[in-house]
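A.B. asks: The structure follows.
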Amino acid sequence: MRALIVSDVHSNLEAFESVVRDAEQRGGFDQVWSLGDLVGYGPDPEACINLLRQYDYRAVAGNHDLASIGKLSLEAFNPQAAEANRWTSTVLPPDAIDFIGGQPLKLELEEFTVVHGSPRDPIWEYVISVQAAVASFMHFDTYWCLLGHSHIPFICRPAEDGAVFVEFPLDTQMILGTDRFIINPGSVGQPRDGDPRASYAIYDSESDSVVHHRVQYDIAATQAKMEGHGLPKFLISRLAEGK
């Protein structure tokens with residue numbers, strides 16, 4: 001079984017479509033695993049939901065997903081994110097709202113625990129520090145954990161002094177074995193690691209491996225749509241910078 005692992009699509013249809021095409025050209029996939037924040041920030045929330053639903057998918061909800069359907073207060077979001085979520089809430093049809101509202105906060109797939117933020121706090125916690133990683137390893141019982149939220153791809157493993165974050169190498173097969181890992185595939189629709197290309201991963205159960213990939217997409221097309229909808233300029237400009 002091959003799973004296309006995506007996170008933080010954020011209503012960026014051009015990026016999502018490019019990821020799907022790229023994954024299909026690299027051997028295809030049997031399922032799509034979505035790690036949350038399918039909507040928010042970008043211009044095409046309904047289209048991104050519809051694209052995911054074309055495939056055999058497994059998905060968890062993220063903080064922007066929940067905020068966009070009124071299940072999470074906007075008070076904790078920065079002004080630009082809150083504005084984008086308010087706009088998203090006005091364009092989602094009832095079936096899309098029901099779809100998002102039906103997503104769990106945590107799943108177990110194969111030997112993965114799947115969340116958006118962290119296994120300790122699936123909605124809000126960012127796993128970007130050793131302390132958060134150590135706590136996270138104590139909150140899942142599977143070998144591995146998949147998460148997103150930070151928009152930065154990485155692999156984290158336990159260490160004698162806590163935990164170690166390492167770069168998730170591109171286009172390199174990583175055999176998982178029986179070691180424990182936390183894996184972030186990066187963001188499809190709004191990367192923040194300085195590389196504006198859409199980021200994703202493929203899990204192959206037969207080889208017991210994951211591979212990280214990046215793919216270019218039409219950033220200008222997404223930006224033009226965002227401008228047309230009057231979305232915040234900061235959210236528009238940051239796409240080209242990958243920040």
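By order of appearance in the structure tokens: chains A, B, ..., then residues from 1 within every chain, and ligands from 1 in the order shown.
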Residues within 8 Å of A:Ala61, please, as a PyMOL selection string. Count only C-alpha atoms; anything in the same chain fewer than 3 positions from it doesn't count.

C.D. replies: chain A and resi 35-38+65-66+100-101+103-105+115-116+123

A.B. asks: If you run DSSP on this backbone, which residues of stretch 96-180 of chain A come out as strand (DSSP E or B), and could you give them as a VMD selection string?

C.D. replies: chain A and resid 107 to 109 112 to 114 144 to 146 154 to 159 162 to 166 170 174 to 175

A.B. asks: Contacts of A:Arg58 at 7 Å or less, counting only C-alpha atoms, minus same-chain residues fewer than 5 places along, as a PyMOL selection string?

C.D. replies: chain A and resi 32-34

A.B. asks: Can you list, as a ChimeraX atom specification, every protein, DNA or RNA residue that comes within 7 Å of stretch 162-178 of chain A when you count only C-alpha atoms, leaving out same-chain residues fewer than 5 positions away?

C.D. replies: /A:130,133-134,143,153-157,208-213

A.B. asks: Which of these residues is nearest to A:Ser68, using only C-alpha atoms: A:Met138, A:Ala81, A:Ala23, A:Leu146?

C.D. replies: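 Once distances to A:Ser68 are computed over only C-alpha atoms, the minimum belongs to A:Ala81.
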
A.B. asks: Would you write out, as JSON lines, a table of all residues in stretch 35-137 of chain A that have an atom no more than 10 Å from an atom of stretch 182-206 of chain A, listing for each the closest atom pair and the distance in Å to one decimal, considering only C-alpha atoms and ordering rows by chain and rising residue number?

C.D. replies:
{"residue": "A:Leu35", "atom": "CA", "partner": "A:Pro185", "partner_atom": "CA", "distance": 9.2}
{"residue": "A:Asp37", "atom": "CA", "partner": "A:Ser187", "partner_atom": "CA", "distance": 9.6}
{"residue": "A:Leu38", "atom": "CA", "partner": "A:Gly189", "partner_atom": "CA", "distance": 8.9}
{"residue": "A:Val39", "atom": "CA", "partner": "A:Gly189", "partner_atom": "CA", "distance": 9.5}
{"residue": "A:Gly40", "atom": "CA", "partner": "A:Gly189", "partner_atom": "CA", "distance": 10.0}
{"residue": "A:Tyr41", "atom": "CA", "partner": "A:Gln190", "partner_atom": "CA", "distance": 8.6}
{"residue": "A:Gly42", "atom": "CA", "partner": "A:Gly189", "partner_atom": "CA", "distance": 7.9}
{"residue": "A:Glu110", "atom": "CA", "partner": "A:Ser205", "partner_atom": "CA", "distance": 8.4}
{"residue": "A:Glu111", "atom": "CA", "partner": "A:Ser205", "partner_atom": "CA", "distance": 9.7}
{"residue": "A:Phe112", "atom": "CA", "partner": "A:Ile182", "partner_atom": "CA", "distance": 9.3}
{"residue": "A:Thr113", "atom": "CA", "partner": "A:Ile182", "partner_atom": "CA", "distance": 9.3}
{"residue": "A:Val114", "atom": "CA", "partner": "A:Ile183", "partner_atom": "CA", "distance": 9.8}
{"residue": "A:His116", "atom": "CA", "partner": "A:Asn184", "partner_atom": "CA", "distance": 9.6}
{"residue": "A:Ser118", "atom": "CA", "partner": "A:Ile182", "partner_atom": "CA", "distance": 9.6}
{"residue": "A:Val127", "atom": "CA", "partner": "A:Ile182", "partner_atom": "CA", "distance": 9.2}
{"residue": "A:Ala133", "atom": "CA", "partner": "A:Ile182", "partner_atom": "CA", "distance": 8.0}
{"residue": "A:Ser136", "atom": "CA", "partner": "A:Ile182", "partner_atom": "CA", "distance": 8.5}
{"residue": "A:Phe137", "atom": "CA", "partner": "A:Ile182", "partner_atom": "CA", "distance": 7.9}

A.B. asks: Could the residues in this selection be written to a file with C-alpha atoms, as a PDB file, in the first residue's frame?

C.D. replies:
ATOM      1  CA  LEU A  35      -2.812  15.751   8.389  1.00  0.00           C
ATOM      2  CA  ASP A  37      -5.596  22.331   7.738  1.00  0.00           C
ATOM      3  CA  LEU A  38      -6.980  21.408   4.369  1.00  0.00           C
ATOM      4  CA  VAL A  39      -8.571  24.879   4.314  1.00  0.00           C
ATOM      5  CA  GLY A  40      -7.761  28.368   5.569  1.00  0.00           C
ATOM      6  CA  TYR A  41      -5.442  31.087   4.165  1.00  0.00           C
ATOM      7  CA  GLY A  42      -5.943  30.257   0.468  1.00  0.00           C
ATOM      8  CA  GLU A 110      -0.821   1.168   9.980  1.00  0.00           C
ATOM      9  CA  GLU A 111       1.850   1.842  12.627  1.00  0.00           C
ATOM     10  CA  PHE A 112       1.299   5.613  12.536  1.00  0.00           C
ATOM     11  CA  THR A 113      -0.469   7.915  14.932  1.00  0.00           C
ATOM     12  CA  VAL A 114      -1.796  10.780  12.808  1.00  0.00           C
ATOM     13  CA  HIS A 116      -2.284  17.851  13.101  1.00  0.00           C
ATOM     14  CA  SER A 118       0.918  16.946  18.363  1.00  0.00           C
ATOM     15  CA  VAL A 127       6.403  20.243  17.715  1.00  0.00           C
ATOM     16  CA  ALA A 133       9.131  16.304  20.954  1.00  0.00           C
ATOM     17  CA  SER A 136       5.017  13.871  22.130  1.00  0.00           C
ATOM     18  CA  PHE A 137       6.908  10.572  22.181  1.00  0.00           C
TER      19      PHE A 137
END

A.B. asks: As an exercise, work out the distance from atom CA of A:His151 to atom CA of A:Pro94 in Å and give it to one decimal place.

C.D. replies: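 Computing it gives 28.1 Å between the two atoms.
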
A.B. asks: Interatomic distance between atom CA of A:Arg180 and atom CA of A:Trp144?

C.D. replies: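 Computing it gives 5.4 Å between the two atoms.
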
A.B. asks: DSSP on the backbone: what in stretch 4-230 of chain A comes out alpha helix (DSSP H), as a ChimeraX atom specification?

C.D. replies: /A:13-25,45-53,63-68,79-91,94-101,130-137,219-228

A.B. asks: Which residues come within 9 Å of A:Pro45, counting only C-alpha atoms, excluding same-chain residues fewer than 2 positions away, as an mmCIF file with C-alpha atoms, in the first residue's frame?

C.D. replies:
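So the final result, stored in out.cif, reads:
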data_model
loop_
_atom_site.group_PDB
_atom_site.id
_atom_site.type_symbol
_atom_site.label_atom_id
_atom_site.label_comp_id
_atom_site.auth_asym_id
_atom_site.auth_seq_id
_atom_site.Cartn_x
_atom_site.Cartn_y
_atom_site.Cartn_z
ATOM 1 C CA HIS A 10 -4.596 25.587 3.119
ATOM 2 C CA SER A 11 -7.017 25.955 0.224
ATOM 3 C CA ASN A 12 -4.169 26.110 -2.314
ATOM 4 C CA LEU A 13 -5.596 24.141 -5.227
ATOM 5 C CA LEU A 38 -6.980 21.408 4.369
ATOM 6 C CA VAL A 39 -8.571 24.879 4.314
ATOM 7 C CA GLY A 40 -7.761 28.368 5.569
ATOM 8 C CA TYR A 41 -5.442 31.087 4.165
ATOM 9 C CA GLY A 42 -5.943 30.257 0.468
ATOM 10 C CA PRO A 43 -8.578 30.891 -2.233
ATOM 11 C CA ALA A 47 -12.144 22.703 -4.498
ATOM 12 C CA CYS A 48 -9.423 21.327 -2.216
ATOM 13 C CA ILE A 49 -11.992 19.381 -0.215
ATOM 14 C CA ASN A 50 -13.469 18.004 -3.430
ATOM 15 C CA THR A 88 -13.472 30.780 4.200
ATOM 16 C CA VAL A 91 -17.786 30.370 0.914
ATOM 17 C CA LEU A 92 -17.987 26.817 2.258
ATOM 18 C CA ALA A 96 -18.135 20.926 2.951
#
